[in-house]
Structures are given as structure tokens and as C-alpha cells.
>>> print(open('start21.tsv').read())   # TSV, C-alpha atoms
chain	number	residue	atom	x	y	z
I	1	MET	CA	13.92	-7.52	-7.00
I	2	THR	CA	11.55	-10.28	-5.91
I	3	LEU	CA	13.82	-11.23	-3.03
I	4	LEU	CA	13.96	-7.63	-1.81
I	5	ALA	CA	10.19	-7.30	-2.14
I	6	LYS	CA	9.85	-10.28	0.20
I	7	ASP	CA	12.51	-9.04	2.63
I	8	GLY	CA	13.61	-5.42	2.26
I	9	ARG	CA	16.26	-5.91	4.96
I	10	MET	CA	18.07	-8.70	3.10
I	11	SER	CA	21.78	-7.93	2.94
I	12	PHE	CA	23.69	-7.64	-0.32
I	13	THR	CA	25.70	-10.69	0.78
I	14	ASP	CA	22.55	-12.77	1.24
I	15	LEU	CA	21.13	-11.49	-2.06
I	16	ALA	CA	24.37	-12.48	-3.77
I	17	LYS	CA	24.18	-16.00	-2.31
I	18	GLU	CA	20.56	-16.40	-3.39
I	19	THR	CA	21.14	-15.12	-6.93
I	20	GLY	CA	24.58	-16.52	-7.67
I	21	LEU	CA	25.89	-13.02	-8.41
I	22	SER	CA	28.77	-11.18	-6.78
I	23	VAL	CA	28.05	-8.76	-3.95
I	24	SER	CA	29.18	-5.83	-6.10
I	25	ALA	CA	26.90	-6.91	-8.98
I	26	VAL	CA	23.93	-7.16	-6.60
I	27	HIS	CA	24.78	-3.76	-5.13
I	28	GLN	CA	24.89	-2.21	-8.63
I	29	ARG	CA	21.57	-3.81	-9.64
I	30	VAL	CA	19.80	-2.64	-6.49
I	31	ARG	CA	21.14	0.90	-6.90
I	32	ARG	CA	20.05	0.89	-10.56
I	33	LEU	CA	16.54	-0.25	-9.57
I	34	GLU	CA	16.42	2.53	-6.95
I	35	LYS	CA	17.57	5.18	-9.45
I	36	ARG	CA	14.98	4.02	-12.01
I	37	GLY	CA	12.25	4.27	-9.38
I	38	VAL	CA	11.47	0.55	-9.48
I	39	ILE	CA	12.40	0.42	-5.80
I	40	HIS	CA	11.19	3.61	-4.20
I	41	GLY	CA	11.56	2.87	-0.52
I	42	TYR	CA	11.71	0.35	2.27
I	43	ARG	CA	9.27	0.04	5.15
I	44	ALA	CA	8.40	-1.98	8.21
I	45	LEU	CA	5.36	-4.24	8.11
I	46	VAL	CA	3.31	-3.33	11.16
I	47	ASN	CA	1.08	-5.66	13.17
I	48	TYR	CA	-1.90	-3.33	13.48
I	49	ASP	CA	-3.59	-5.49	16.12
I	50	GLU	CA	-0.59	-4.92	18.38
I	51	ILE	CA	-0.82	-1.13	18.09
I	52	GLY	CA	-4.52	-0.96	18.79
I	53	LEU	CA	-5.88	-0.72	15.22
I	54	PRO	CA	-7.44	-4.15	14.64
I	55	LEU	CA	-10.32	-3.03	12.40
I	56	THR	CA	-9.60	-2.60	8.69
I	57	ALA	CA	-12.25	-1.40	6.26
I	58	PHE	CA	-12.56	-0.27	2.67
I	59	VAL	CA	-14.61	2.88	2.24
I	60	SER	CA	-15.90	3.70	-1.23
I	61	ILE	CA	-16.72	7.37	-1.71
I	62	LYS	CA	-18.53	9.37	-4.34
I	63	PRO	CA	-19.19	13.10	-4.41
I	64	ASN	CA	-22.58	14.44	-3.32
I	65	ASP	CA	-22.18	17.21	-5.91
I	66	THR	CA	-20.78	15.89	-9.20
I	67	ALA	CA	-20.14	19.46	-10.38
I	68	ALA	CA	-17.79	20.13	-7.45
I	69	PRO	CA	-13.99	19.89	-7.92
I	70	ASP	CA	-12.52	16.39	-7.65
I	71	ASP	CA	-10.41	17.19	-4.59
I	72	ALA	CA	-11.46	14.50	-2.11
I	73	PRO	CA	-7.91	13.14	-1.62
I	74	GLU	CA	-6.65	16.57	-0.60
I	75	ARG	CA	-9.66	17.19	1.66
I	76	LEU	CA	-9.11	13.85	3.41
I	77	SER	CA	-5.31	13.88	3.70
I	78	HIS	CA	-5.45	15.13	7.31
I	79	LEU	CA	-7.21	11.93	8.46
I	80	SER	CA	-4.43	9.63	9.64
I	81	ALA	CA	-6.75	6.60	9.83
I	82	ILE	CA	-6.80	6.55	6.01
I	83	GLU	CA	-3.93	4.30	5.00
I	84	ALA	CA	-4.48	4.42	1.24
I	85	CYS	CA	-6.61	6.28	-1.30
I	86	HIS	CA	-7.20	4.70	-4.72
I	87	SER	CA	-8.87	6.45	-7.66
I	88	VAL	CA	-11.18	3.89	-9.25
I	89	ALA	CA	-13.44	3.40	-12.25
I	90	GLY	CA	-17.06	2.62	-11.56
I	91	GLU	CA	-19.84	4.18	-9.54
I	92	GLU	CA	-17.56	5.44	-6.77
I	93	SER	CA	-14.67	7.84	-7.33
I	94	TYR	CA	-12.23	6.56	-4.70
I	95	ILE	CA	-11.73	3.60	-2.41
I	96	LEU	CA	-10.05	4.30	0.92
I	97	LYS	CA	-8.32	1.70	3.06
I	98	VAL	CA	-8.76	2.65	6.69
I	99	ARG	CA	-7.58	1.24	10.03
I	100	VAL	CA	-9.28	2.06	13.30
I	101	ALA	CA	-9.57	0.78	16.87
I	102	SER	CA	-13.25	-0.15	16.95
I	103	PRO	CA	-16.62	-0.04	15.19
I	104	LEU	CA	-17.36	3.20	17.05
I	105	ALA	CA	-14.09	4.68	15.77
I	106	LEU	CA	-15.05	3.61	12.24
I	107	GLU	CA	-18.44	5.29	12.60
I	108	GLU	CA	-16.74	8.52	13.76
I	109	LEU	CA	-14.24	8.32	10.89
I	110	LEU	CA	-17.05	7.88	8.35
I	111	GLN	CA	-18.71	11.03	9.70
I	112	GLN	CA	-15.40	12.90	9.34
I	113	ILE	CA	-14.94	11.64	5.77
I	114	ARG	CA	-18.45	12.68	4.77
I	115	ALA	CA	-18.11	16.13	6.35
I	116	SER	CA	-14.57	16.82	5.12
I	117	ALA	CA	-15.09	15.85	1.49
I	118	ASN	CA	-18.85	16.25	0.97
I	119	VAL	CA	-19.18	12.63	-0.17
I	120	SER	CA	-21.40	9.64	0.40
I	121	THR	CA	-19.76	6.43	1.62
I	122	ARG	CA	-20.18	2.68	1.26
I	123	THR	CA	-18.16	0.60	3.71
I	124	THR	CA	-16.88	-2.97	3.64
I	125	VAL	CA	-15.35	-4.28	6.87
I	126	VAL	CA	-12.47	-6.75	6.56
I	127	LEU	CA	-13.11	-9.97	8.52
I	128	SER	CA	-9.70	-11.54	7.87
I	129	THR	CA	-6.76	-11.16	5.52
I	130	PRO	CA	-5.53	-14.50	4.15
I	131	TYR	CA	-2.56	-12.72	2.52
I	132	ASP	CA	-1.22	-9.23	2.10
I	133	TYR	CA	2.00	-7.61	0.89
I	134	ARG	CA	2.48	-10.18	-1.86
I	135	SER	CA	5.68	-9.94	-3.84
I	136	PRO	CA	5.44	-9.12	-7.54
I	137	GLY	CA	5.71	-11.99	-10.01
I	138	THR	CA	9.05	-12.81	-11.59
I	139	HIS	CA	7.86	-12.01	-15.14
I	140	ALA	CA	8.69	-8.31	-14.66
I	141	ASP	CA	12.15	-9.19	-13.38
I	142	VAL	CA	12.95	-11.26	-16.46
I	143	GLU	CA	11.75	-8.52	-18.82
I	144	ASP	CA	13.93	-5.96	-17.05
I	145	GLY	CA	16.97	-8.22	-17.11
I	146	ASP	CA	17.10	-8.23	-13.31
I	147	ALA	CA	15.93	-11.79	-12.63
I	148	GLU	CA	17.39	-13.67	-9.71
I	149	ARG	CA	19.05	-16.95	-10.58
>>> encode(input="start21.tsv", output="C-alpha cells")
Amino acid sequence: MTLLAKDGRMSFTDLAKETGLSVSAVHQRVRRLEKRGVIHGYRALVNYDEIGLPLTAFVSIKPNDTAAPDDAPERLSHLSAIEACHSVAGEESYILKVRVASPLALEELLQQIRASANVSTRTTVVLSTPYDYRSPGTHADVEDGDAER
């Protein structure tokens, strides 16, 4: 699984070579991991600078009315600039990962977030990302009996 997490396009033949297993054994293991929901999809890693979305920020939100329903994720789902929404413990209720073209676009997005979900926001702008999309550790693979050799 670790090899696929690093390169989701790796062929069964290459996986077999790396693990010392047969191609059919690798194929069976991958299918089993997919059926169990351990692997739930494959995606392209996008260079956001190249598509005009160089600014990444984390936006913490908390409701203005604590008696209101906790439906912020649903109320914000139409905003495509929100890449991820995480429910968190602490003072805020959710942390949103957003990607936009500019500081002005971020300011406009924050206004949309506040208006759509009736929340207050606290924003942290990402200056650089030393690493992202890290592969999971091998300890889970060994426990599941799916470790690469």
C-alpha cells in the first residue's frame, strides 16, 4: 500500500518487482485493499501555481450563533475554492483549506464564507509547503499483513 500511496499509477508488474510478489498476488492484494475501503480512489496531484491558484490558506470558522444548527459544511459546499473541510476540537468548529488566485480573491472568499454560514473566521496564509501528500507509515501495512518486502 505504501508504494501505491507514493505512486498511484504504479503498474502491478512494477509493484510485483518492488515487493517480490507475483503480479497476480499484487493484483489480489490491491483489489482486497480497494474492497475493504483502505484504498478508496486515485487522483492526480495538481500544481496549483500552474492553474492560477497559488495562494493557499487555512480558514478556521466558528458559528456566530452557537444555538444554530451545525450545518456549516453543507452551507459552504458550493464554494469550489474550499478544498477540504475538517471538523476540529478547540475554539473553532471547522478548519477549511482554501486555494485562491490572490489576496483579493481570498478576501472575497472570506466574505462569502461568513455570509453563507453565519460564522466568524480566522485565517492563516501558507507561505510555503516543505512537504505535502506524505505516504502513510509502514506500521499499518505490517499490521494488516499487506507489507511490501
>>> residues_near_point(input="start21.tsv", point="(0.9, -3.7, 8.7)", cutoff="12 Å", atoms="all atoms listed in the file", output="ChimeraX atom specification")
/I:43-56,83,98-99,129,131-133
>>> residues_around(input="start21.tsv", residues="Val119 in chain I", least_positions_apart="3", cutoff="7 Å", atoms="only C-alpha atoms", output="NGL selection string")
:I and (61-64 or 114)
>>> atom_distance(input="start21.tsv", atom1="CA of Ala68 in chain I", atom2="CA of Thr123 in chain I")
22.5 Å
>>> residues_around(input="start21.tsv", residues="Phe58 in chain I", least_positions_apart="6", cutoff="10 Å", atoms="only C-alpha atoms", output="ChimeraX atom specification")
/I:82,84-85,95-99,121-126
>>> atom_distance(input="start21.tsv", atom1="CA of Phe12 in chain I", atom2="CA of Val26 in chain I")
6.3 Å
>>> closest_residue(input="start21.tsv", among="I:Leu33, I:Val100, I:Gly41, I:Asn118", to="Asp70 in chain I", atoms="only C-alpha atoms")
I:Asn118
>>> atom_distance(input="start21.tsv", atom1="CA of Ile39 in chain I", atom2="CA of Leu15 in chain I")
15.2 Å
>>> closest_residue(input="start21.tsv", among="I:Ser135, I:Thr13, I:Ala57, I:His40", to="Leu110 in chain I", atoms="all atoms listed in the file")
I:Ala57
>>> decode(input="start21.tsv", residues="range 89-118 of chain I", atoms="N, CA, C and O atoms", output="PDB file, in the first residue's frame")
ATOM      1  N   ALA I  89     -11.564  19.919  17.215  1.00  0.00           N
ATOM      2  CA  ALA I  89     -11.799  20.232  18.629  1.00  0.00           C
ATOM      3  C   ALA I  89     -11.081  21.537  18.923  1.00  0.00           C
ATOM      4  O   ALA I  89     -10.064  21.851  18.309  1.00  0.00           O
ATOM      5  N   GLY I  90     -11.617  22.291  19.840  1.00  0.00           N
ATOM      6  CA  GLY I  90     -10.991  23.557  20.192  1.00  0.00           C
ATOM      7  C   GLY I  90     -11.983  24.691  20.056  1.00  0.00           C
ATOM      8  O   GLY I  90     -13.190  24.482  19.985  1.00  0.00           O
ATOM      9  N   GLU I  91     -11.467  25.895  19.991  1.00  0.00           N
ATOM     10  CA  GLU I  91     -12.327  27.073  19.945  1.00  0.00           C
ATOM     11  C   GLU I  91     -13.142  27.154  18.652  1.00  0.00           C
ATOM     12  O   GLU I  91     -14.300  27.530  18.669  1.00  0.00           O
ATOM     13  N   GLU I  92     -12.513  26.813  17.529  1.00  0.00           N
ATOM     14  CA  GLU I  92     -13.225  26.828  16.259  1.00  0.00           C
ATOM     15  C   GLU I  92     -13.916  25.484  16.031  1.00  0.00           C
ATOM     16  O   GLU I  92     -13.551  24.472  16.626  1.00  0.00           O
ATOM     17  N   SER I  93     -14.894  25.496  15.144  1.00  0.00           N
ATOM     18  CA  SER I  93     -15.632  24.272  14.836  1.00  0.00           C
ATOM     19  C   SER I  93     -15.044  23.515  13.651  1.00  0.00           C
ATOM     20  O   SER I  93     -15.055  22.295  13.613  1.00  0.00           O
ATOM     21  N   TYR I  94     -14.549  24.264  12.662  1.00  0.00           N
ATOM     22  CA  TYR I  94     -14.020  23.665  11.438  1.00  0.00           C
ATOM     23  C   TYR I  94     -12.790  24.433  10.986  1.00  0.00           C
ATOM     24  O   TYR I  94     -12.654  25.630  11.252  1.00  0.00           O
ATOM     25  N   ILE I  95     -11.910  23.736  10.288  1.00  0.00           N
ATOM     26  CA  ILE I  95     -10.798  24.376   9.589  1.00  0.00           C
ATOM     27  C   ILE I  95     -10.949  24.032   8.116  1.00  0.00           C
ATOM     28  O   ILE I  95     -11.073  22.854   7.748  1.00  0.00           O
ATOM     29  N   LEU I  96     -10.933  25.059   7.288  1.00  0.00           N
ATOM     30  CA  LEU I  96     -11.076  24.909   5.844  1.00  0.00           C
ATOM     31  C   LEU I  96      -9.724  25.131   5.183  1.00  0.00           C
ATOM     32  O   LEU I  96      -9.002  26.070   5.533  1.00  0.00           O
ATOM     33  N   LYS I  97      -9.387  24.283   4.227  1.00  0.00           N
ATOM     34  CA  LYS I  97      -8.210  24.532   3.389  1.00  0.00           C
ATOM     35  C   LYS I  97      -8.728  25.126   2.097  1.00  0.00           C
ATOM     36  O   LYS I  97      -9.573  24.526   1.428  1.00  0.00           O
ATOM     37  N   VAL I  98      -8.232  26.311   1.760  1.00  0.00           N
ATOM     38  CA  VAL I  98      -8.725  27.000   0.570  1.00  0.00           C
ATOM     39  C   VAL I  98      -7.573  27.331  -0.365  1.00  0.00           C
ATOM     40  O   VAL I  98      -6.425  27.483   0.067  1.00  0.00           O
ATOM     41  N   ARG I  99      -7.898  27.431  -1.658  1.00  0.00           N
ATOM     42  CA  ARG I  99      -6.914  27.825  -2.675  1.00  0.00           C
ATOM     43  C   ARG I  99      -7.548  28.884  -3.554  1.00  0.00           C
ATOM     44  O   ARG I  99      -8.638  28.679  -4.081  1.00  0.00           O
ATOM     45  N   VAL I 100      -6.842  29.991  -3.696  1.00  0.00           N
ATOM     46  CA  VAL I 100      -7.353  31.113  -4.476  1.00  0.00           C
ATOM     47  C   VAL I 100      -6.224  31.745  -5.294  1.00  0.00           C
ATOM     48  O   VAL I 100      -5.054  31.434  -5.105  1.00  0.00           O
ATOM     49  N   ALA I 101      -6.603  32.671  -6.177  1.00  0.00           N
ATOM     50  CA  ALA I 101      -5.656  33.287  -7.097  1.00  0.00           C
ATOM     51  C   ALA I 101      -4.860  34.434  -6.476  1.00  0.00           C
ATOM     52  O   ALA I 101      -3.737  34.708  -6.906  1.00  0.00           O
ATOM     53  N   SER I 102      -5.430  35.104  -5.467  1.00  0.00           N
ATOM     54  CA  SER I 102      -4.774  36.318  -4.975  1.00  0.00           C
ATOM     55  C   SER I 102      -5.293  36.674  -3.582  1.00  0.00           C
ATOM     56  O   SER I 102      -6.319  36.152  -3.144  1.00  0.00           O
ATOM     57  N   PRO I 103      -4.610  37.617  -2.923  1.00  0.00           N
ATOM     58  CA  PRO I 103      -5.137  38.103  -1.643  1.00  0.00           C
ATOM     59  C   PRO I 103      -6.537  38.702  -1.780  1.00  0.00           C
ATOM     60  O   PRO I 103      -7.380  38.506  -0.906  1.00  0.00           O
ATOM     61  N   LEU I 104      -6.799  39.390  -2.864  1.00  0.00           N
ATOM     62  CA  LEU I 104      -8.136  39.952  -3.086  1.00  0.00           C
ATOM     63  C   LEU I 104      -9.168  38.829  -3.205  1.00  0.00           C
ATOM     64  O   LEU I 104     -10.254  38.914  -2.630  1.00  0.00           O
ATOM     65  N   ALA I 105      -8.814  37.761  -3.919  1.00  0.00           N
ATOM     66  CA  ALA I 105      -9.722  36.617  -4.048  1.00  0.00           C
ATOM     67  C   ALA I 105      -9.963  35.958  -2.692  1.00  0.00           C
ATOM     68  O   ALA I 105     -11.069  35.507  -2.402  1.00  0.00           O
ATOM     69  N   LEU I 106      -8.935  35.923  -1.852  1.00  0.00           N
ATOM     70  CA  LEU I 106      -9.096  35.368  -0.506  1.00  0.00           C
ATOM     71  C   LEU I 106     -10.050  36.242   0.306  1.00  0.00           C
ATOM     72  O   LEU I 106     -10.936  35.733   0.991  1.00  0.00           O
ATOM     73  N   GLU I 107      -9.878  37.544   0.206  1.00  0.00           N
ATOM     74  CA  GLU I 107     -10.763  38.458   0.935  1.00  0.00           C
ATOM     75  C   GLU I 107     -12.222  38.262   0.499  1.00  0.00           C
ATOM     76  O   GLU I 107     -13.129  38.203   1.332  1.00  0.00           O
ATOM     77  N   GLU I 108     -12.444  38.124  -0.794  1.00  0.00           N
ATOM     78  CA  GLU I 108     -13.802  37.894  -1.310  1.00  0.00           C
ATOM     79  C   GLU I 108     -14.356  36.558  -0.831  1.00  0.00           C
ATOM     80  O   GLU I 108     -15.521  36.449  -0.450  1.00  0.00           O
ATOM     81  N   LEU I 109     -13.497  35.520  -0.834  1.00  0.00           N
ATOM     82  CA  LEU I 109     -13.924  34.206  -0.356  1.00  0.00           C
ATOM     83  C   LEU I 109     -14.303  34.264   1.120  1.00  0.00           C
ATOM     84  O   LEU I 109     -15.315  33.678   1.536  1.00  0.00           O
ATOM     85  N   LEU I 110     -13.517  34.963   1.919  1.00  0.00           N
ATOM     86  CA  LEU I 110     -13.826  35.073   3.353  1.00  0.00           C
ATOM     87  C   LEU I 110     -15.186  35.734   3.563  1.00  0.00           C
ATOM     88  O   LEU I 110     -15.959  35.305   4.425  1.00  0.00           O
ATOM     89  N   GLN I 111     -15.492  36.739   2.765  1.00  0.00           N
ATOM     90  CA  GLN I 111     -16.808  37.374   2.859  1.00  0.00           C
ATOM     91  C   GLN I 111     -17.916  36.384   2.508  1.00  0.00           C
ATOM     92  O   GLN I 111     -18.950  36.335   3.178  1.00  0.00           O
ATOM     93  N   GLN I 112     -17.678  35.564   1.472  1.00  0.00           N
ATOM     94  CA  GLN I 112     -18.668  34.554   1.076  1.00  0.00           C
ATOM     95  C   GLN I 112     -18.857  33.514   2.171  1.00  0.00           C
ATOM     96  O   GLN I 112     -19.979  33.088   2.460  1.00  0.00           O
ATOM     97  N   ILE I 113     -17.765  33.087   2.785  1.00  0.00           N
ATOM     98  CA  ILE I 113     -17.834  32.096   3.869  1.00  0.00           C
ATOM     99  C   ILE I 113     -18.649  32.654   5.035  1.00  0.00           C
ATOM    100  O   ILE I 113     -19.557  31.995   5.544  1.00  0.00           O
ATOM    101  N   ARG I 114     -18.328  33.863   5.438  1.00  0.00           N
ATOM    102  CA  ARG I 114     -19.037  34.485   6.563  1.00  0.00           C
ATOM    103  C   ARG I 114     -20.533  34.633   6.278  1.00  0.00           C
ATOM    104  O   ARG I 114     -21.367  34.318   7.131  1.00  0.00           O
ATOM    105  N   ALA I 115     -20.855  35.078   5.071  1.00  0.00           N
ATOM    106  CA  ALA I 115     -22.262  35.295   4.718  1.00  0.00           C
ATOM    107  C   ALA I 115     -23.018  33.977   4.545  1.00  0.00           C
ATOM    108  O   ALA I 115     -24.162  33.847   4.980  1.00  0.00           O
ATOM    109  N   SER I 116     -22.373  32.988   3.925  1.00  0.00           N
ATOM    110  CA  SER I 116     -23.059  31.717   3.646  1.00  0.00           C
ATOM    111  C   SER I 116     -23.342  30.901   4.893  1.00  0.00           C
ATOM    112  O   SER I 116     -24.368  30.230   4.982  1.00  0.00           O
ATOM    113  N   ALA I 117     -22.411  30.936   5.845  1.00  0.00           N
ATOM    114  CA  ALA I 117     -22.532  30.048   7.006  1.00  0.00           C
ATOM    115  C   ALA I 117     -22.765  30.771   8.330  1.00  0.00           C
ATOM    116  O   ALA I 117     -22.834  30.110   9.368  1.00  0.00           O
ATOM    117  N   ASN I 118     -22.855  32.104   8.308  1.00  0.00           N
ATOM    118  CA  ASN I 118     -23.036  32.883   9.521  1.00  0.00           C
ATOM    119  C   ASN I 118     -21.983  32.509  10.572  1.00  0.00           C
ATOM    120  O   ASN I 118     -22.290  32.076  11.677  1.00  0.00           O
TER     121      ASN I 118
END
